[in-house]
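Data block for run_7.cif (mmCIF, C-alpha atoms):
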```cif
data_target
#
loop_
_atom_site.group_PDB
_atom_site.id
_atom_site.type_symbol
_atom_site.label_atom_id
_atom_site.label_comp_id
_atom_site.auth_asym_id
_atom_site.auth_seq_id
_atom_site.Cartn_x
_atom_site.Cartn_y
_atom_site.Cartn_z
ATOM 1 C CA MET A 1 109.459 39.559 -13.091
ATOM 2 C CA GLY A 2 112.940 39.932 -11.653
ATOM 3 C CA SER A 3 115.507 37.704 -10.081
ATOM 4 C CA TYR A 4 115.903 37.919 -6.304
ATOM 5 C CA PRO A 5 118.323 36.509 -3.732
ATOM 6 C CA PHE A 6 116.945 33.360 -2.122
ATOM 7 C CA LEU A 7 114.979 34.220 1.046
ATOM 8 C CA SER A 8 115.217 37.986 0.550
ATOM 9 C CA ASP A 9 112.073 39.972 1.302
ATOM 10 C CA GLU A 10 111.471 40.370 -2.449
ATOM 11 C CA TRP A 11 111.940 36.648 -3.066
ATOM 12 C CA LEU A 12 109.546 35.753 -0.242
ATOM 13 C CA GLU A 13 106.930 38.168 -1.575
ATOM 14 C CA GLU A 14 107.197 36.833 -5.131
ATOM 15 C CA THR A 15 107.080 33.164 -4.070
ATOM 16 C CA ARG A 16 104.025 33.913 -1.942
ATOM 17 C CA ARG A 17 102.359 35.465 -5.000
ATOM 18 C CA ILE A 18 103.259 32.446 -7.174
ATOM 19 C CA ARG A 19 101.932 29.955 -4.620
ATOM 20 C CA GLU A 20 98.675 31.923 -4.259
ATOM 21 C CA GLN A 21 98.245 32.027 -8.034
ATOM 22 C CA TYR A 22 98.382 28.216 -8.267
ATOM 23 C CA GLN A 23 96.711 27.405 -4.936
ATOM 24 C CA ASP A 24 93.512 26.016 -6.493
ATOM 25 C CA GLN A 25 95.430 23.929 -9.046
ATOM 26 C CA THR A 26 97.840 22.059 -6.776
ATOM 27 C CA PRO A 27 96.947 18.972 -4.765
ATOM 28 C CA ALA A 28 96.094 19.263 -1.087
ATOM 29 C CA VAL A 29 98.902 18.467 1.307
ATOM 30 C CA THR A 30 97.845 15.287 3.071
ATOM 31 C CA VAL A 31 100.599 15.216 5.705
ATOM 32 C CA GLN A 32 99.953 17.457 8.679
ATOM 33 C CA VAL A 33 103.118 19.039 10.020
ATOM 34 C CA ARG A 34 104.050 22.214 11.864
ATOM 35 C CA MET A 35 107.747 22.862 11.333
ATOM 36 C CA ASN A 36 109.984 25.739 12.345
ATOM 37 C CA GLN A 37 113.127 26.386 10.324
ATOM 38 C CA VAL A 38 116.295 28.185 11.399
ATOM 39 C CA ILE A 39 118.433 29.076 8.405
ATOM 40 C CA ASN A 40 121.967 30.162 9.259
ATOM 41 C CA GLU A 41 124.773 31.726 7.225
ATOM 42 C CA VAL A 42 122.343 33.960 5.330
ATOM 43 C CA PRO A 43 124.461 36.450 3.321
ATOM 44 C CA PHE A 44 122.267 39.441 4.214
ATOM 45 C CA GLY A 45 120.404 40.870 7.206
ATOM 46 C CA ASP A 46 121.562 39.536 10.554
ATOM 47 C CA GLY A 47 122.625 36.199 9.012
ATOM 48 C CA VAL A 48 119.710 34.131 10.361
ATOM 49 C CA ILE A 49 116.184 33.643 9.042
ATOM 50 C CA ARG A 50 113.486 32.030 11.153
ATOM 51 C CA ALA A 51 110.629 30.644 9.132
ATOM 52 C CA TYR A 52 107.913 28.037 9.416
ATOM 53 C CA LEU A 53 105.957 25.562 7.362
ATOM 54 C CA ASP A 54 102.425 24.537 8.376
ATOM 55 C CA THR A 55 100.288 22.079 6.410
ATOM 56 C CA THR A 56 97.508 21.509 8.946
ATOM 57 C CA SER A 57 95.000 23.355 6.741
ATOM 58 C CA GLY A 58 95.701 21.074 3.762
ATOM 59 C CA LEU A 59 97.617 23.916 2.113
ATOM 60 C CA LEU A 60 101.325 24.649 2.221
ATOM 61 C CA ASP A 61 101.691 27.708 4.445
ATOM 62 C CA MET A 62 105.275 28.992 4.513
ATOM 63 C CA GLU A 63 106.112 32.258 6.178
ATOM 64 C CA VAL A 64 108.754 34.132 8.140
ATOM 65 C CA GLY A 65 108.405 33.760 11.910
ATOM 66 C CA HIS A 66 108.037 30.811 14.239
ATOM 67 C CA LEU A 67 105.146 28.638 15.365
ATOM 68 C CA ASP A 68 104.339 27.889 18.989
ATOM 69 C CA ASP A 69 104.583 24.153 19.761
ATOM 70 C CA PRO A 70 105.905 22.915 16.393
ATOM 71 C CA ASP A 71 106.185 19.192 15.622
ATOM 72 C CA LEU A 72 109.832 19.745 14.786
ATOM 73 C CA THR A 73 112.485 22.372 14.176
ATOM 74 C CA ILE A 74 115.186 22.018 11.555
ATOM 75 C CA THR A 75 118.386 24.053 11.520
ATOM 76 C CA LEU A 76 120.431 24.278 8.335
ATOM 77 C CA SER A 77 122.648 26.605 6.336
ATOM 78 C CA TYR A 78 121.486 28.986 3.644
ATOM 79 C CA ALA A 79 123.379 27.018 0.964
ATOM 80 C CA THR A 80 121.803 23.727 2.042
ATOM 81 C CA ALA A 81 118.318 25.251 2.175
ATOM 82 C CA LYS A 82 118.739 26.679 -1.324
ATOM 83 C CA ALA A 83 120.084 23.395 -2.732
ATOM 84 C CA PHE A 84 117.105 21.507 -1.359
ATOM 85 C CA LEU A 85 114.219 23.988 -1.595
ATOM 86 C CA VAL A 86 115.072 25.712 -4.877
ATOM 87 C CA ASP A 87 117.399 23.396 -6.765
ATOM 88 C CA GLY A 88 115.505 20.277 -5.677
ATOM 89 C CA ASP A 89 118.806 18.534 -4.902
ATOM 90 C CA ALA A 90 117.647 15.756 -2.582
ATOM 91 C CA ALA A 91 121.142 14.197 -2.618
ATOM 92 C CA ALA A 92 122.673 17.408 -1.233
ATOM 93 C CA ALA A 93 120.047 17.484 1.504
ATOM 94 C CA MET A 94 120.636 13.829 2.402
ATOM 95 C CA ASN A 95 124.408 14.387 2.450
ATOM 96 C CA ALA A 96 123.978 17.440 4.695
ATOM 97 C CA PHE A 97 121.705 15.473 7.034
ATOM 98 C CA MET A 98 124.043 12.487 7.229
ATOM 99 C CA SER A 99 127.035 14.741 7.932
ATOM 100 C CA GLY A 100 125.207 16.655 10.689
ATOM 101 C CA ARG A 101 124.770 19.914 8.767
ATOM 102 C CA ILE A 102 120.991 19.604 9.098
ATOM 103 C CA LYS A 103 119.856 19.314 12.676
ATOM 104 C CA VAL A 104 116.357 18.107 13.546
ATOM 105 C CA ASP A 105 114.746 18.631 16.936
ATOM 106 C CA GLY A 106 111.378 16.967 17.408
ATOM 107 C CA ASP A 107 109.385 14.391 15.447
ATOM 108 C CA ILE A 108 111.588 13.439 12.488
ATOM 109 C CA THR A 109 108.893 11.052 11.215
ATOM 110 C CA LYS A 110 106.819 14.132 10.268
ATOM 111 C CA LEU A 111 109.710 15.399 8.101
ATOM 112 C CA ILE A 112 110.088 12.005 6.419
ATOM 113 C CA ALA A 113 106.333 11.810 5.746
ATOM 114 C CA LEU A 114 106.350 15.327 4.301
ATOM 115 C CA GLN A 115 109.246 14.485 1.992
ATOM 116 C CA SER A 116 107.498 11.307 0.822
ATOM 117 C CA ALA A 117 104.283 13.221 0.118
ATOM 118 C CA GLY A 118 106.202 15.938 -1.728
ATOM 119 C CA ALA A 119 107.722 13.412 -4.118
ATOM 120 C CA GLY A 120 104.252 12.641 -5.491
ATOM 121 C CA ALA A 121 103.415 16.325 -5.998
ATOM 122 C CA GLY A 122 105.939 16.515 -8.848
ATOM 123 C CA ALA A 123 103.488 14.616 -11.052
ATOM 124 C CA ASN A 124 101.014 17.516 -10.840
ATOM 125 C CA PRO A 125 101.625 19.994 -13.701
ATOM 126 C CA ALA A 126 100.628 23.022 -11.596
ATOM 127 C CA ALA A 127 102.949 21.995 -8.744
ATOM 128 C CA ALA A 128 105.771 21.522 -11.254
ATOM 129 C CA GLU A 129 105.052 24.988 -12.679
ATOM 130 C CA VAL A 130 105.213 26.558 -9.199
ATOM 131 C CA VAL A 131 108.657 25.008 -8.709
ATOM 132 C CA ARG A 132 109.815 26.120 -12.169
ATOM 133 C CA ARG A 133 108.666 29.701 -11.576
ATOM 134 C CA ILE A 134 110.302 29.878 -8.144
ATOM 135 C CA GLN A 135 113.547 28.567 -9.607
ATOM 136 C CA ALA A 136 113.314 31.189 -12.360
ATOM 137 C CA ILE A 137 113.094 34.107 -9.893
ATOM 138 C CA THR A 138 115.932 32.909 -7.678
ATOM 139 C CA ALA A 139 119.287 34.630 -8.049
#
```
Please render this file's structure as structure tokens.
Amino acid sequence: MGSYPFLSDEWLEETRRIREQYQDQTPAVTVQVRMNQVINEVPFGDGVIRAYLDTTSGLLDMEVGHLDDPDLTITLSYATAKAFLVDGDAAAAMNAFMSGRIKVDGDITKLIALQSAGAGAGANPAAAEVVRRIQAITA
């Protein structure tokens, strides 16, 4: 297993494989949210990645593209996304939000509920292993 730049095609493929491997061992996502993400300042490609997160099936579905009629859309920089999603640095994310570097359009209560639910997932050994493995493949 290699090390890949965060959000590169290779990274996305490997994280998808890791999530699928542990899918039956991680707890169901109890918060239903459909969220589009716009990640700016990406150091490759055209500099912008559009992705989504959908938990309406009880599973965490993350993919490149955008959903029709999302509950919310967040816009943030590549560095902020990496700090929060890979490094797990909640303080960096809160600082970015408070300083206006994370913009939220739509139902922010869904984002807050998702974050609260995610905090409890850390107690699950399989969920913790997914995070550890994703961190290990990220350049």
Report task. Apply the PyMOL selection byres ((chain A and resi 74-83) around 12) to the structure shown and report the selected residues as an MDAnalysis selection string. Result -> chainID A and resid 5:8 34:44 47:53 66 70:73 84:97 99:108 110:111 134:135 138:139
**Report entry** Between atom CA of Ile18 of chain A and atom CA of Thr109 of chain A - distance in Å to one decimal
**Finding:**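 Between these atoms lies a distance of 28.8 Å.
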Query raised in the report: Smallest atom-to-atom distance to Ala117 of chain A: which of A:Val31, A:Leu60, A:Val131, A:Leu67, using only C-alpha atoms?
Result: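 Ranked by minimum distance to Ala117 of chain A, first place goes to A:Val31.
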Query - Closest of A:Met98, A:Leu12, A:Val64, A:Leu59 to Asp24 of chain A - atom-to-atom distances counting all atoms listed in the file - result: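 Result for the nearest residue to Asp24 of chain A: A:Leu59.
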Query raised in the report: Looking at A:Leu114, A:Asn124, A:Asp68, A:Asp61, which one is nearest to Glu20 of chain A, with distances taken over only C-alpha atoms?
Result: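 Comparing A:Leu114, A:Asn124, A:Asp68, A:Asp61 against Glu20 of chain A, the winner is A:Asp61.
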Query raised in the report: Using all atoms listed in the file, which residue out of A:Asp69, A:Glu129, A:Asp54, A:Glu63 lies closest to Val29 of chain A?
Result: A:Asp54
Query raised in the report: Suppose you want the space between atom CA of Glu13 of chain A and atom CA of Ala127 of chain A; what is it in Å?
Result: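 Going from atom CA of Glu13 of chain A over to atom CA of Ala127 of chain A covers 18.1 Å.
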Query raised in the report: Restricting the calculation to only C-alpha atoms, which member of A:Gln115, A:Thr56, A:Ala136, A:Pro27 is positioned closest to Trp11 of chain A?
Result: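 Looking only at the distances to Trp11 of chain A, the closest residue turns out to be A:Ala136.
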Requested in this report: Take atom CA of Gly2 of chain A and atom CA of Arg17 of chain A and report the distance between them in Å, one decimal.
Outcome: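 Rounded to one decimal, the two atoms are 13.3 Å apart.
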Missing atoms in segment 95-116 of chain A: fill them in up to N, CA and C atoms and send the result as a compact mmCIF listing (two decimals), in the frame of the given file.
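See rebuild31.txt below for the written result:
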```txt
# COMPACT_ATOMS: atom_id res chain seq x y z
N ASN A 95 123.00 14.30 2.06
CA ASN A 95 124.41 14.39 2.45
C ASN A 95 124.57 15.33 3.64
N ALA A 96 123.90 16.47 3.60
CA ALA A 96 123.98 17.44 4.70
C ALA A 96 123.40 16.84 5.98
N PHE A 97 122.31 16.11 5.86
CA PHE A 97 121.70 15.47 7.03
C PHE A 97 122.64 14.42 7.62
N MET A 98 123.17 13.57 6.76
CA MET A 98 124.04 12.49 7.23
C MET A 98 125.34 13.02 7.85
N SER A 99 125.79 14.18 7.39
CA SER A 99 127.04 14.74 7.93
C SER A 99 126.78 15.71 9.09
N GLY A 100 125.53 15.83 9.53
CA GLY A 100 125.21 16.66 10.69
C GLY A 100 125.03 18.13 10.39
N ARG A 101 124.96 18.51 9.12
CA ARG A 101 124.77 19.91 8.77
C ARG A 101 123.30 20.32 8.76
N ILE A 102 122.41 19.34 8.86
CA ILE A 102 120.99 19.60 9.10
C ILE A 102 120.67 18.97 10.44
N LYS A 103 120.20 19.80 11.34
CA LYS A 103 119.86 19.31 12.68
C LYS A 103 118.33 19.31 12.81
N VAL A 104 117.80 18.25 13.37
CA VAL A 104 116.36 18.11 13.55
C VAL A 104 116.07 17.91 15.03
N ASP A 105 115.23 18.76 15.57
CA ASP A 105 114.75 18.63 16.94
C ASP A 105 113.25 18.39 16.87
N GLY A 106 112.80 17.27 17.42
CA GLY A 106 111.38 16.97 17.41
C GLY A 106 111.10 15.70 16.63
N ASP A 107 109.90 15.60 16.09
CA ASP A 107 109.38 14.39 15.45
C ASP A 107 109.88 14.28 14.00
N ILE A 108 110.99 13.58 13.82
CA ILE A 108 111.59 13.44 12.49
C ILE A 108 110.68 12.64 11.55
N THR A 109 109.79 11.82 12.09
CA THR A 109 108.89 11.05 11.22
C THR A 109 107.98 11.98 10.42
N LYS A 110 107.65 13.15 10.99
CA LYS A 110 106.82 14.13 10.27
C LYS A 110 107.58 14.67 9.05
N LEU A 111 108.88 14.91 9.21
CA LEU A 111 109.71 15.40 8.10
C LEU A 111 109.80 14.34 7.00
N ILE A 112 109.99 13.10 7.39
CA ILE A 112 110.09 12.00 6.42
C ILE A 112 108.77 11.85 5.67
N ALA A 113 107.66 11.92 6.38
CA ALA A 113 106.33 11.81 5.75
C ALA A 113 106.10 12.96 4.78
N LEU A 114 106.51 14.16 5.17
CA LEU A 114 106.35 15.33 4.30
C LEU A 114 107.18 15.18 3.03
N GLN A 115 108.40 14.70 3.17
CA GLN A 115 109.25 14.48 1.99
C GLN A 115 108.63 13.44 1.07
N SER A 116 108.12 12.36 1.63
CA SER A 116 107.50 11.31 0.82
C SER A 116 106.28 11.84 0.08
```
